[in-house]
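Engineer: So that you have it, the file is query-v3.pdb, and it contains PDB, C-alpha atoms:
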```
MODEL        1
ATOM      1  CA  MET K   1      -5.904   1.790  -0.462
ATOM      2  CA  ILE K   2      -6.338  -0.859   2.184
ATOM      3  CA  VAL K   3      -3.686  -3.513   1.680
ATOM      4  CA  ALA K   4      -4.454  -7.129   2.497
ATOM      5  CA  ASP K   5      -2.597 -10.394   2.080
ATOM      6  CA  ARG K   6      -3.928 -13.858   1.304
ATOM      7  CA  LYS K   7      -4.656 -16.173   4.196
ATOM      8  CA  PRO K   8      -3.164 -19.682   4.100
ATOM      9  CA  ILE K   9      -5.661 -22.017   2.387
ATOM     10  CA  GLU K  10      -5.297 -24.525   5.259
ATOM     11  CA  GLU K  11      -6.692 -21.910   7.649
ATOM     12  CA  ILE K  12      -9.713 -21.272   5.420
ATOM     13  CA  ILE K  13     -10.285 -25.020   4.982
ATOM     14  CA  GLY K  14     -10.344 -25.252   8.795
ATOM     15  CA  TYR K  15     -13.101 -22.628   9.078
ATOM     16  CA  LEU K  16     -15.243 -24.376   6.494
ATOM     17  CA  LYS K  17     -15.007 -27.997   7.613
ATOM     18  CA  ASP K  18     -18.658 -28.181   8.746
ATOM     19  CA  HIS K  19     -20.227 -26.257   5.856
ATOM     20  CA  LYS K  20     -21.783 -27.724   2.725
ATOM     21  CA  LYS K  21     -22.770 -24.748   0.593
ATOM     22  CA  ILE K  22     -20.302 -21.899   0.587
ATOM     23  CA  LEU K  23     -20.110 -18.513  -1.092
ATOM     24  CA  ILE K  24     -16.704 -16.987  -1.813
ATOM     25  CA  LEU K  25     -17.374 -13.265  -1.905
ATOM     26  CA  GLY K  26     -14.796 -10.988  -3.528
ATOM     27  CA  CYS K  27     -14.520  -7.223  -3.508
ATOM     28  CA  ASN K  28     -13.700  -5.142  -6.562
ATOM     29  CA  GLU K  29     -11.904  -2.340  -4.729
ATOM     30  CA  CYS K  30      -8.662  -2.220  -2.708
ATOM     31  CA  VAL K  31      -8.191  -5.990  -2.365
ATOM     32  CA  THR K  32      -8.459  -6.364  -6.137
ATOM     33  CA  VAL K  33      -5.636  -3.868  -6.628
ATOM     34  CA  CYS K  34      -3.416  -5.620  -4.079
ATOM     35  CA  GLU K  35      -4.302  -8.972  -5.688
ATOM     36  CA  ALA K  36      -5.641 -10.554  -2.496
ATOM     37  CA  GLY K  37      -9.418 -10.633  -2.850
ATOM     38  CA  GLY K  38     -10.583  -9.701  -6.344
ATOM     39  CA  LYS K  39     -12.423 -11.800  -8.894
ATOM     40  CA  LYS K  40      -9.258 -13.640  -9.876
ATOM     41  CA  GLU K  41      -8.344 -14.583  -6.300
ATOM     42  CA  VAL K  42     -11.955 -15.636  -5.664
ATOM     43  CA  GLY K  43     -11.664 -18.022  -8.633
ATOM     44  CA  VAL K  44      -8.389 -19.519  -7.444
ATOM     45  CA  LEU K  45      -9.577 -19.989  -3.847
ATOM     46  CA  ALA K  46     -12.925 -21.455  -4.933
ATOM     47  CA  SER K  47     -11.164 -23.859  -7.291
ATOM     48  CA  ALA K  48      -8.716 -24.944  -4.566
ATOM     49  CA  LEU K  49     -11.529 -25.474  -2.034
ATOM     50  CA  ARG K  50     -13.633 -27.406  -4.550
ATOM     51  CA  MET K  51     -10.712 -29.681  -5.387
ATOM     52  CA  HIS K  52      -9.892 -30.217  -1.720
ATOM     53  CA  ALA K  53     -13.508 -31.156  -0.973
ATOM     54  CA  GLN K  54     -13.672 -33.525  -3.960
ATOM     55  CA  LYS K  55     -10.421 -35.166  -2.943
ATOM     56  CA  GLU K  56     -11.747 -35.698   0.582
ATOM     57  CA  GLY K  57     -14.932 -37.138  -0.904
ATOM     58  CA  LYS K  58     -17.076 -34.376   0.605
ATOM     59  CA  ASP K  59     -20.194 -33.136  -1.095
ATOM     60  CA  VAL K  60     -19.571 -29.390  -0.953
ATOM     61  CA  GLU K  61     -20.894 -26.743  -3.304
ATOM     62  CA  ILE K  62     -18.894 -23.555  -3.712
ATOM     63  CA  ASP K  63     -20.084 -20.467  -5.595
ATOM     64  CA  GLU K  64     -18.185 -17.327  -6.534
ATOM     65  CA  ILE K  65     -19.471 -13.763  -6.542
ATOM     66  CA  THR K  66     -17.448 -10.560  -6.632
ATOM     67  CA  ILE K  67     -19.271  -7.335  -5.835
ATOM     68  CA  GLU K  68     -18.189  -3.751  -6.355
ATOM     69  CA  ARG K  69     -17.607  -2.985  -2.657
ATOM     70  CA  GLN K  70     -18.362  -4.813   0.559
ATOM     71  CA  CYS K  71     -18.234  -1.631   2.624
ATOM     72  CA  ASP K  72     -21.445  -0.226   1.078
ATOM     73  CA  ARG K  73     -24.976  -1.508   1.711
ATOM     74  CA  GLU K  74     -26.152  -0.892  -1.835
ATOM     75  CA  TYR K  75     -23.621  -3.359  -3.252
ATOM     76  CA  LEU K  76     -24.114  -5.913  -0.462
ATOM     77  CA  ASP K  77     -27.828  -5.840  -1.305
ATOM     78  CA  GLU K  78     -26.951  -7.557  -4.596
ATOM     79  CA  ILE K  79     -26.558 -10.874  -2.745
ATOM     80  CA  ARG K  80     -29.662 -10.453  -0.547
ATOM     81  CA  ASP K  81     -31.800 -12.771  -2.692
ATOM     82  CA  SER K  82     -29.227 -15.542  -2.841
ATOM     83  CA  ILE K  83     -27.587 -15.396   0.607
ATOM     84  CA  ASP K  84     -30.071 -17.762   2.271
ATOM     85  CA  GLN K  85     -28.976 -20.694   0.160
ATOM     86  CA  TYR K  86     -25.467 -20.590   1.673
ATOM     87  CA  ASP K  87     -24.270 -22.135   4.971
ATOM     88  CA  ALA K  88     -21.288 -19.825   5.077
ATOM     89  CA  VAL K  89     -19.576 -16.942   3.320
ATOM     90  CA  VAL K  90     -15.826 -16.451   2.936
ATOM     91  CA  SER K  91     -15.276 -12.752   2.360
ATOM     92  CA  LEU K  92     -12.100 -11.828   0.542
ATOM     93  CA  ALA K  93     -12.620  -8.148   1.373
ATOM     94  CA  CYS K  94     -10.688  -6.299   4.070
ATOM     95  CA  GLY K  95     -11.791  -6.552   7.698
ATOM     96  CA  VAL K  96     -14.292  -3.769   7.043
ATOM     97  CA  GLY K  97     -15.980  -5.765   4.294
ATOM     98  CA  VAL K  98     -16.088  -8.958   6.365
ATOM     99  CA  GLN K  99     -17.763  -7.145   9.263
ATOM    100  CA  PHE K 100     -20.150  -5.152   7.126
ATOM    101  CA  THR K 101     -21.243  -8.271   5.245
ATOM    102  CA  ALA K 102     -21.813 -10.048   8.565
ATOM    103  CA  GLU K 103     -23.834  -7.069   9.835
ATOM    104  CA  GLN K 104     -26.127  -7.206   6.818
ATOM    105  CA  TYR K 105     -26.641 -10.956   6.970
ATOM    106  CA  HIS K 106     -27.032 -11.863  10.630
ATOM    107  CA  SER K 107     -27.833 -15.536  10.313
ATOM    108  CA  THR K 108     -24.992 -16.494   7.949
ATOM    109  CA  PRO K 109     -21.456 -17.032   9.258
ATOM    110  CA  VAL K 110     -18.950 -14.823   7.414
ATOM    111  CA  TYR K 111     -15.288 -15.855   7.575
ATOM    112  CA  PRO K 112     -12.282 -13.732   6.599
ATOM    113  CA  GLY K 113     -10.348 -14.943   3.565
ATOM    114  CA  VAL K 114      -7.518 -12.407   3.794
ATOM    115  CA  ASN K 115      -5.371 -10.790   6.460
ATOM    116  CA  THR K 116      -5.959  -7.036   6.375
ATOM    117  CA  CYS K 117      -2.605  -5.303   6.798
ATOM    118  CA  PHE K 118      -2.552  -1.511   6.433
ATOM    119  CA  MET K 119      -3.321   1.580   4.359
ATOM    120  CA  GLY K 120      -0.603   1.780   1.785
ATOM    121  CA  ALA K 121       0.609   2.240  -1.749
ATOM    122  CA  THR K 122       1.829  -0.030  -4.547
ATOM    123  CA  GLU K 123       5.624   0.362  -4.793
ATOM    124  CA  LYS K 124       5.616  -2.064  -7.712
ATOM    125  CA  ARG K 125       3.538  -5.094  -8.579
ATOM    126  CA  GLY K 126       3.760  -7.444  -5.612
ATOM    127  CA  VAL K 127       5.202  -4.872  -3.174
ATOM    128  CA  TRP K 128       2.982  -2.666  -1.012
ATOM    129  CA  THR K 129       4.127  -0.366   1.760
ATOM    130  CA  GLU K 130       2.383   1.456   4.577
ATOM    131  CA  ARG K 131       1.760   5.191   4.283
ATOM    132  CA  CYS K 132      -1.072   6.140   6.648
ATOM    133  CA  GLN K 133      -2.372   5.029  10.044
ATOM    134  CA  GLY K 134      -5.536   7.136   9.987
ATOM    135  CA  CYS K 135      -4.639   9.076  13.133
ATOM    136  CA  GLY K 136      -7.495  11.497  12.453
ATOM    137  CA  GLN K 137      -5.417  14.674  12.520
ATOM    138  CA  CYS K 138      -3.181  14.996   9.504
ATOM    139  CA  ILE K 139       0.134  16.766  10.028
ATOM    140  CA  LEU K 140       1.600  16.157   6.560
ATOM    141  CA  ALA K 141       1.542  19.906   5.853
ATOM    142  CA  THR K 142       4.377  20.448   8.317
ATOM    143  CA  THR K 143       6.451  17.363   7.571
ATOM    144  CA  GLY K 144       7.085  17.728   3.851
ATOM    145  CA  SER K 145       4.216  15.330   3.046
ATOM    146  CA  ILE K 146       5.954  12.407   4.749
ATOM    147  CA  CYS K 147       4.143  10.917   7.718
ATOM    148  CA  PRO K 148       6.144  10.291  10.905
ATOM    149  CA  VAL K 149       3.111   8.545  12.463
ATOM    150  CA  ALA K 150       2.998   5.819   9.843
ATOM    151  CA  ARG K 151       6.622   5.694   8.773
ATOM    152  CA  CYS K 152       8.694   6.339  11.911
ATOM    153  CA  ALA K 153       8.897   3.223  14.103
ATOM    154  CA  LYS K 154       8.713   5.435  17.203
ATOM    155  CA  ARG K 155       6.108   7.830  15.777
ATOM    156  CA  LEU K 156       8.469  10.695  16.660
ATOM    157  CA  PHE K 157       7.240  14.215  15.986
ATOM    158  CA  ASN K 158      10.623  15.856  16.395
ATOM    159  CA  GLY K 159      13.073  13.391  14.937
ATOM    160  CA  PRO K 160      15.226  11.710  13.948
ATOM    161  CA  CYS K 161      16.309   9.657  16.927
ATOM    162  CA  GLY K 162      19.782   8.259  17.518
ATOM    163  CA  GLY K 163      18.864   5.050  15.725
ATOM    164  CA  SER K 164      18.921   6.698  12.309
ATOM    165  CA  THR K 165      22.019   5.615  10.397
ATOM    166  CA  THR K 166      22.758   6.572   6.791
ATOM    167  CA  GLY K 167      19.081   7.209   6.217
ATOM    168  CA  ARG K 168      17.960   3.846   7.607
ATOM    169  CA  CYS K 169      16.043   2.914  10.746
ATOM    170  CA  GLU K 170      17.623   0.847  13.512
ATOM    171  CA  ILE K 171      14.665  -1.562  13.603
ATOM    172  CA  ASN K 172      15.503  -2.853  10.138
ATOM    173  CA  PRO K 173      18.077  -1.695   7.579
ATOM    174  CA  GLU K 174      15.419  -2.036   4.861
ATOM    175  CA  VAL K 175      13.247   0.608   6.533
ATOM    176  CA  GLU K 176      13.975   4.180   5.535
ATOM    177  CA  CYS K 177      14.236   6.699   8.380
ATOM    178  CA  ALA K 178      11.081   8.805   8.038
ATOM    179  CA  TRP K 179      12.816  11.811   9.543
ATOM    180  CA  GLN K 180      15.734  11.569   7.137
ATOM    181  CA  LEU K 181      13.146  11.537   4.340
ATOM    182  CA  ILE K 182      11.403  14.556   5.891
ATOM    183  CA  ILE K 183      14.659  16.521   6.146
ATOM    184  CA  ASP K 184      15.659  15.620   2.566
ATOM    185  CA  ARG K 185      12.241  16.628   1.315
ATOM    186  CA  LEU K 186      12.178  19.940   3.227
ATOM    187  CA  LYS K 187      15.654  20.654   1.835
ATOM    188  CA  ALA K 188      14.419  19.988  -1.711
ATOM    189  CA  LEU K 189      11.464  22.311  -1.092
ATOM    190  CA  ASP K 190      13.832  24.969   0.335
ATOM    191  CA  ARG K 191      11.786  24.915   3.556
ATOM    192  CA  LEU K 192      14.386  23.490   5.919
ATOM    193  CA  ASP K 193      13.732  26.363   8.342
ATOM    194  CA  GLU K 194      10.416  24.613   9.155
ATOM    195  CA  TYR K 195      12.360  21.677  10.551
ATOM    196  CA  GLU K 196      13.621  23.990  13.295
ATOM    197  CA  LYS K 197      10.083  24.546  14.603
ATOM    198  CA  LEU K 198       9.167  22.163  17.398
ATOM    199  CA  CYS K 199       6.063  20.137  16.758
ATOM    200  CA  PRO K 200       3.645  20.441  19.696
ATOM    201  CA  ILE K 201       2.277  17.413  21.547
ATOM    202  CA  LYS K 202      -0.266  15.670  19.376
ATOM    203  CA  ASP K 203      -3.850  15.117  20.485
ATOM    204  CA  TRP K 204      -4.178  11.346  20.169
ATOM    205  CA  SER K 205      -7.877  11.308  21.028
ATOM    206  CA  THR K 206      -8.658  11.207  17.295
ATOM    207  CA  ASP K 207      -6.465   8.096  16.948
ATOM    208  CA  ARG K 208      -7.500   4.689  18.306
ATOM    209  CA  ALA K 209      -6.840   5.968  21.835
ATOM    210  CA  GLY K 210     -10.330   7.483  21.786
ATOM    211  CA  GLY K 211     -11.990   4.147  20.949
ATOM    212  CA  PRO K 212     -13.771   3.263  17.673
ATOM    213  CA  ARG K 213     -14.144   6.364  15.548
ATOM    214  CA  LYS K 214     -16.932   7.878  13.543
ATOM    215  CA  VAL K 215     -17.150  10.618  10.940
ATOM    216  CA  VAL K 216     -20.482  12.452  10.796
ATOM    217  CA  ARG K 217     -21.166  14.883   7.948
ATOM    218  CA  GLU K 218     -24.535  16.511   8.347
ATOM    219  CA  ASP K 219     -24.142  18.445   5.095
ATOM    220  CA  VAL K 220     -24.164  15.280   2.999
ATOM    221  CA  GLN K 221     -26.605  13.200   5.037
ATOM    222  CA  GLN K 222     -29.974  12.328   3.544
TER     223      GLN K 222
ATOM    224  CA  MET U   1       9.051 -37.358 -34.060
ATOM    225  CA  LYS U   2       6.457 -38.754 -31.675
ATOM    226  CA  TYR U   3       4.888 -37.625 -28.438
ATOM    227  CA  PRO U   4       2.270 -39.316 -26.236
ATOM    228  CA  THR U   5      -1.265 -39.066 -27.595
ATOM    229  CA  ASN U   6      -2.788 -38.312 -24.198
ATOM    230  CA  VAL U   7      -1.233 -34.839 -24.181
ATOM    231  CA  LYS U   8      -3.847 -32.228 -25.006
ATOM    232  CA  ILE U   9      -2.407 -29.008 -26.352
ATOM    233  CA  VAL U  10      -3.959 -25.681 -25.378
ATOM    234  CA  ARG U  11      -2.513 -22.870 -27.471
ATOM    235  CA  VAL U  12      -1.928 -19.480 -25.843
ATOM    236  CA  PRO U  13      -0.399 -16.371 -27.432
ATOM    237  CA  CYS U  14       2.394 -16.357 -24.817
ATOM    238  CA  THR U  15       2.902 -18.307 -21.570
ATOM    239  CA  GLY U  16       2.480 -14.899 -19.900
ATOM    240  CA  LYS U  17      -1.228 -15.369 -20.633
ATOM    241  CA  VAL U  18      -1.364 -18.472 -18.437
ATOM    242  CA  ASP U  19      -2.650 -17.678 -14.982
ATOM    243  CA  VAL U  20      -2.885 -19.726 -11.795
ATOM    244  CA  ILE U  21      -6.636 -20.100 -12.362
ATOM    245  CA  HIS U  22      -6.084 -21.765 -15.780
ATOM    246  CA  ILE U  23      -3.824 -24.387 -14.201
ATOM    247  CA  MET U  24      -6.273 -24.898 -11.314
ATOM    248  CA  ARG U  25      -9.266 -25.290 -13.652
ATOM    249  CA  ALA U  26      -7.407 -27.928 -15.669
ATOM    250  CA  PHE U  27      -6.930 -30.007 -12.520
ATOM    251  CA  GLU U  28     -10.483 -29.332 -11.389
ATOM    252  CA  LYS U  29     -11.713 -30.714 -14.687
ATOM    253  CA  GLY U  30      -9.687 -33.868 -14.127
ATOM    254  CA  ALA U  31      -6.312 -33.316 -15.795
ATOM    255  CA  ASP U  32      -3.602 -35.521 -14.283
ATOM    256  CA  GLY U  33      -0.860 -33.014 -14.973
ATOM    257  CA  VAL U  34      -0.207 -29.654 -16.594
ATOM    258  CA  ALA U  35       2.965 -28.668 -18.434
ATOM    259  CA  VAL U  36       3.393 -25.013 -19.304
ATOM    260  CA  ILE U  37       5.875 -24.857 -22.153
ATOM    261  CA  GLY U  38       7.243 -21.418 -22.913
ATOM    262  CA  CYS U  39      10.049 -19.811 -24.883
ATOM    263  CA  LEU U  40      13.591 -19.852 -23.547
ATOM    264  CA  GLU U  41      14.178 -17.522 -20.625
ATOM    265  CA  GLY U  42      15.517 -14.195 -21.852
ATOM    266  CA  GLU U  43      13.968 -14.730 -25.285
ATOM    267  CA  CYS U  44      10.342 -13.826 -24.614
ATOM    268  CA  HIS U  45       8.884 -11.682 -27.385
ATOM    269  CA  PHE U  46       7.018  -9.791 -24.654
ATOM    270  CA  ASN U  47      10.163  -9.677 -22.477
ATOM    271  CA  THR U  48       8.907 -11.327 -19.283
ATOM    272  CA  GLY U  49       5.917 -13.516 -20.235
ATOM    273  CA  ASN U  50       7.713 -16.816 -19.638
ATOM    274  CA  LEU U  51       9.244 -15.574 -16.372
ATOM    275  CA  MET U  52       5.815 -14.601 -15.079
ATOM    276  CA  ALA U  53       4.471 -17.979 -16.177
ATOM    277  CA  ARG U  54       7.173 -19.737 -14.149
ATOM    278  CA  ARG U  55       6.209 -17.804 -11.020
ATOM    279  CA  ARG U  56       2.536 -18.610 -11.602
ATOM    280  CA  VAL U  57       3.296 -22.302 -12.060
ATOM    281  CA  GLU U  58       5.219 -22.173  -8.770
ATOM    282  CA  GLN U  59       2.236 -20.494  -7.115
ATOM    283  CA  ALA U  60      -0.109 -23.172  -8.494
ATOM    284  CA  GLN U  61       2.309 -25.867  -7.257
ATOM    285  CA  LYS U  62       2.113 -24.466  -3.726
ATOM    286  CA  ILE U  63      -1.693 -24.462  -3.781
ATOM    287  CA  LEU U  64      -1.838 -27.978  -5.246
ATOM    288  CA  ASP U  65       0.515 -29.206  -2.526
ATOM    289  CA  THR U  66      -1.647 -27.594   0.153
ATOM    290  CA  ILE U  67      -4.848 -29.231  -1.029
ATOM    291  CA  GLY U  68      -3.224 -32.619  -1.484
ATOM    292  CA  ILE U  69      -3.280 -32.848  -5.286
ATOM    293  CA  GLY U  70       0.524 -32.621  -5.511
ATOM    294  CA  GLY U  71       2.455 -29.632  -6.822
ATOM    295  CA  GLU U  72       4.762 -31.769  -8.962
ATOM    296  CA  ARG U  73       1.828 -32.389 -11.309
ATOM    297  CA  ALA U  74       2.298 -28.857 -12.671
ATOM    298  CA  GLN U  75       5.595 -28.165 -14.399
ATOM    299  CA  MET U  76       7.159 -25.358 -16.411
ATOM    300  CA  TYR U  77       9.415 -26.097 -19.374
ATOM    301  CA  ASN U  78      11.248 -23.824 -21.800
ATOM    302  CA  LEU U  79      12.283 -24.340 -25.419
ATOM    303  CA  SER U  80      12.721 -22.336 -28.574
ATOM    304  CA  SER U  81       9.906 -22.426 -31.111
ATOM    305  CA  SER U  82      11.921 -24.454 -33.643
ATOM    306  CA  GLU U  83      12.711 -27.271 -31.194
ATOM    307  CA  GLY U  84      10.056 -29.828 -32.106
ATOM    308  CA  PRO U  85      12.065 -32.811 -30.841
ATOM    309  CA  ARG U  86      12.560 -31.107 -27.507
ATOM    310  CA  PHE U  87       8.799 -30.506 -27.256
ATOM    311  CA  ALA U  88       8.271 -34.221 -27.836
ATOM    312  CA  GLN U  89      10.903 -34.953 -25.178
ATOM    313  CA  TYR U  90       9.191 -32.698 -22.626
ATOM    314  CA  ALA U  91       5.761 -34.146 -23.457
ATOM    315  CA  THR U  92       7.131 -37.665 -22.916
ATOM    316  CA  GLU U  93       8.925 -36.602 -19.738
ATOM    317  CA  ILE U  94       5.845 -35.057 -18.100
ATOM    318  CA  THR U  95       3.659 -37.978 -19.195
ATOM    319  CA  GLU U  96       6.021 -40.495 -17.606
ATOM    320  CA  LYS U  97       6.307 -38.409 -14.482
ATOM    321  CA  ILE U  98       2.528 -38.129 -14.115
ATOM    322  CA  LYS U  99       2.036 -41.823 -14.881
ATOM    323  CA  ALA U 100       4.381 -42.600 -11.998
ATOM    324  CA  LEU U 101       2.346 -40.314  -9.726
ATOM    325  CA  GLY U 102      -0.925 -41.943 -10.753
ATOM    326  CA  PRO U 103      -4.220 -40.302 -11.663
ATOM    327  CA  ASN U 104      -5.472 -36.973 -10.331
ATOM    328  CA  PRO U 105      -6.718 -37.742  -6.755
ATOM    329  CA  ILE U 106      -9.992 -35.944  -7.543
ATOM    330  CA  ARG U 107     -10.798 -38.483 -10.234
ATOM    331  CA  ILE U 108      -9.984 -41.328  -7.855
ATOM    332  CA  SER U 109     -12.485 -40.070  -5.253
ATOM    333  CA  LYS U 110     -15.079 -39.330  -7.967
ATOM    334  CA  ASN U 111     -14.781 -42.893  -9.249
ATOM    335  CA  LYS U 112     -15.087 -44.249  -5.696
ATOM    336  CA  ALA U 113     -18.256 -42.206  -5.153
ATOM    337  CA  ALA U 114     -19.702 -43.513  -8.430
TER     338      ALA U 114
ENDMDL
END
```
Will you turn the file into C-alpha cells for me?
Structural biologist:
Amino acid sequence: MIVADRKPIEEIIGYLKDHKKILILGCNECVTVCEAGGKKEVGVLASALRMHAQKEGKDVEIDEITIERQCDREYLDEIRDSIDQYDAVVSLACGVGVQFTAEQYHSTPVYPGVNTCFMGATEKRGVWTERCQGCGQCILATTGSICPVARCAKRLFNGPCGGSTTGRCEINPEVECAWQLIIDRLKALDRLDEYEKLCPIKDWSTDRAGGPRKVVREDVQQ
Amino acid sequence: MKYPTNVKIVRVPCTGKVDVIHIMRAFEKGADGVAVIGCLEGECHFNTGNLMARRRVEQAQKILDTIGIGGERAQMYNLSSSEGPRFAQYATEITEKIKALGPNPIRISKNKAA
C-alpha cells in the first residue's frame, strides 16, 4: 500500500486561513490502513479545525466525507453534486488522490492533509516500512524476493558493499542490509549459486529517469 | 464519599474503547475537561486497553495544545474497580485543575459572539 503520515495541524490551518466552507475528504484505501487519512482521521482533523476556528471567533463550516478511493473517477463523482458549496477541500488521500481530486474539480482548491511517504508494508500497528520504489522492471525473481532497489541505500545490484556490518547498513544501524537479507534468503532456498551470477546493468528508463510514467493496457480498455 | 456534581460520567466497556475522536468531540461540545479513568496498568481485562487509552489521551493532548484549547484539560487516571474513594479523589482533582484553567476557550468565544 501507499504509506502516508499525518501533516502537522498548524500547517493545514495555515492553508485554510482564508476559507469559510471546507470539506475534509478522506480515502478508504491505503491511508485508512496506515491510519493517516481514513474516516477516523477525517473526524479528528475536522474536529480540531472546527475547535480552532471557534476559538479564534471565525465563522467556518467544516464537513467530513470519506469516499472509497480518490484515485478513481467513479468514486470522486460521488461529491460532484456537493463540491460547489465548498471554498476548499483538504484531501487526506495520498498525493495521487489530492491531484486526481483537483483534476476533477478545477475551480476548487484542494490541499494535501497528509505527507505521502512510500510504498510499504505494516510491520506492526504504528510501524510501516518501505518495500517497493516502483522502478517498472521487477528483479525480485533473482534476488530471493528482497528488493535491492528499495531496501539497499545504494541501490546496489551486486552487493553487499563494504558498509555492511553484522547484517546492518552503515547509513543507520536500524536499517537491515538488503544484500545480507538476500544472501540469507538464497541460502534458505538452497539457491546460493544464483548469488554468484552478476546482475547486468539495469535499464532505468522505466524508473523516474524516463519522466512521468504510464501503463497502457489495450486488452482491458473500453 | 462525595465527588463534584459537575462531573458527567460516560460509561465505556473498557478505556480501550475511548478514541481520540471521543475526547475531541467532548471538547467540541463544550466540555471544560475530560478525565479518562481506566483500570490499573497491567490489570486490564483486555490486556492493553488502558495502555492504548493513555496513548490516545496523549495524542488528544498534543492536538488540543496545537489548537490552543490546552492539552492539560485531558487527563488519564488509573484505579482498580473497587476504589470508589480514589475515583472521588480523581474527580475532585480534575475538577479543581480545570477550574483553575478556566472554561473551555471555545465557550468563551461563543459567549462573546452571542
Engineer: Evaluated on this file, the PyMOL selection byres ((chain K and resi 171-183) around 8) picks out some residues - which ones are they, written as an MDAnalysis selection string?
Structural biologist: chainID K and resid 143:148 151:153 159:160 164 167:170 184:187 192 195
Engineer: Considering all atoms listed in the file, return as a list in words whatever protein or nucleic-acid residues lie within 12 Å of K:His106, sequence-local ones (same chain, fewer than 6 positions apart) excluded.
Structural biologist: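 Selected residues are Arg80, Ile83, Asp84, Ala88, Val89, Gln99 and Phe100 of chain K.
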Engineer: Go ahead and save the residues from that selection, with C-alpha atoms, as a PDB file, in the coordinates of the input.
Structural biologist:
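Okay, this is what ended up in result-v6.pdb:
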```pdb
ATOM      1  CA  ARG K  80     -29.662 -10.453  -0.547  1.00  0.00           C
ATOM      2  CA  ILE K  83     -27.587 -15.396   0.607  1.00  0.00           C
ATOM      3  CA  ASP K  84     -30.071 -17.762   2.271  1.00  0.00           C
ATOM      4  CA  ALA K  88     -21.288 -19.825   5.077  1.00  0.00           C
ATOM      5  CA  VAL K  89     -19.576 -16.942   3.320  1.00  0.00           C
ATOM      6  CA  GLN K  99     -17.763  -7.145   9.263  1.00  0.00           C
ATOM      7  CA  PHE K 100     -20.150  -5.152   7.126  1.00  0.00           C
TER       8      PHE K 100
END
```
Engineer: Please enumerate the residues selected by the PyMOL selection byres ((chain U and resi 3) around 12) when evaluated against the supplied file, formatted as a PyMOL selection string.
Structural biologist: chain U and resi 1-2+4-9+84-96
Engineer: Would you mind reading off the distance between atom CA of K:Ala141 and atom CA of K:Cys199, one decimal, in Å?
Structural biologist: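 If I compute the distance from atom CA of K:Ala141 to atom CA of K:Cys199, I get 11.8 Å.
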Engineer: Residue by residue, what does the ChimeraX specification (/K :<9) & /U grab here? Present the result as a list in words.
Structural biologist: Val20, Ile21, His22, Met24, Arg25, Phe27, Glu28, Ile63, Leu64, Thr66, Ile67, Gly68, Ile69, Pro105, Ile106, Arg107, Ile108, Ser109, Lys110, Lys112 and Ala113 of chain U
Engineer: Smallest atom-to-atom distance to K:Ser91: which of K:Leu25, K:Cys138, K:Cys117, K:Cys30, using only C-alpha atoms?
Structural biologist: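 With only C-alpha atoms as the atom set, the closest residue is K:Leu25.
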Engineer: What gap, in Å, lies between atom CA of K:Lys21 and atom CA of K:Thr101?
Structural biologist: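 The value is 17.2 Å.
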Engineer: Write out as a list in words each polymer residue whose atoms come within 6 Å of U:Ser80, counting all atoms listed in the file; drop sequence neighbours fewer than 2 positions from it.
Structural biologist: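 After dropping sequence-adjacent residues, the list is Cys39, Leu40, Ser82 and Glu83 of chain U.
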Engineer: Could you please determine the separation between atom CA of K:Ser205 and atom CA of K:Cys132 in Å, to one decimal place?
Structural biologist: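 Computing the Euclidean distance for atom CA of K:Ser205 and atom CA of K:Cys132 yields 16.7 Å.
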Engineer: Let me make sure I understand: among U:Gly49, U:Val10, U:Gly70, U:Cys44, which one has the smallest atom-to-atom distance to U:Ala26 if we use all atoms listed in the file?
Structural biologist: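 Using all atoms listed in the file, the shortest distance to U:Ala26 belongs to U:Val10.
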Engineer: Go through U:Gln75, U:Thr15, U:Asn111, U:Asn50 one by one, measure the shortest atom-to-atom distance of each to U:Gly33 using only C-alpha atoms, and give the residue with the smallest value.
Structural biologist: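 With only C-alpha atoms as the atom set, the closest residue is U:Gln75.
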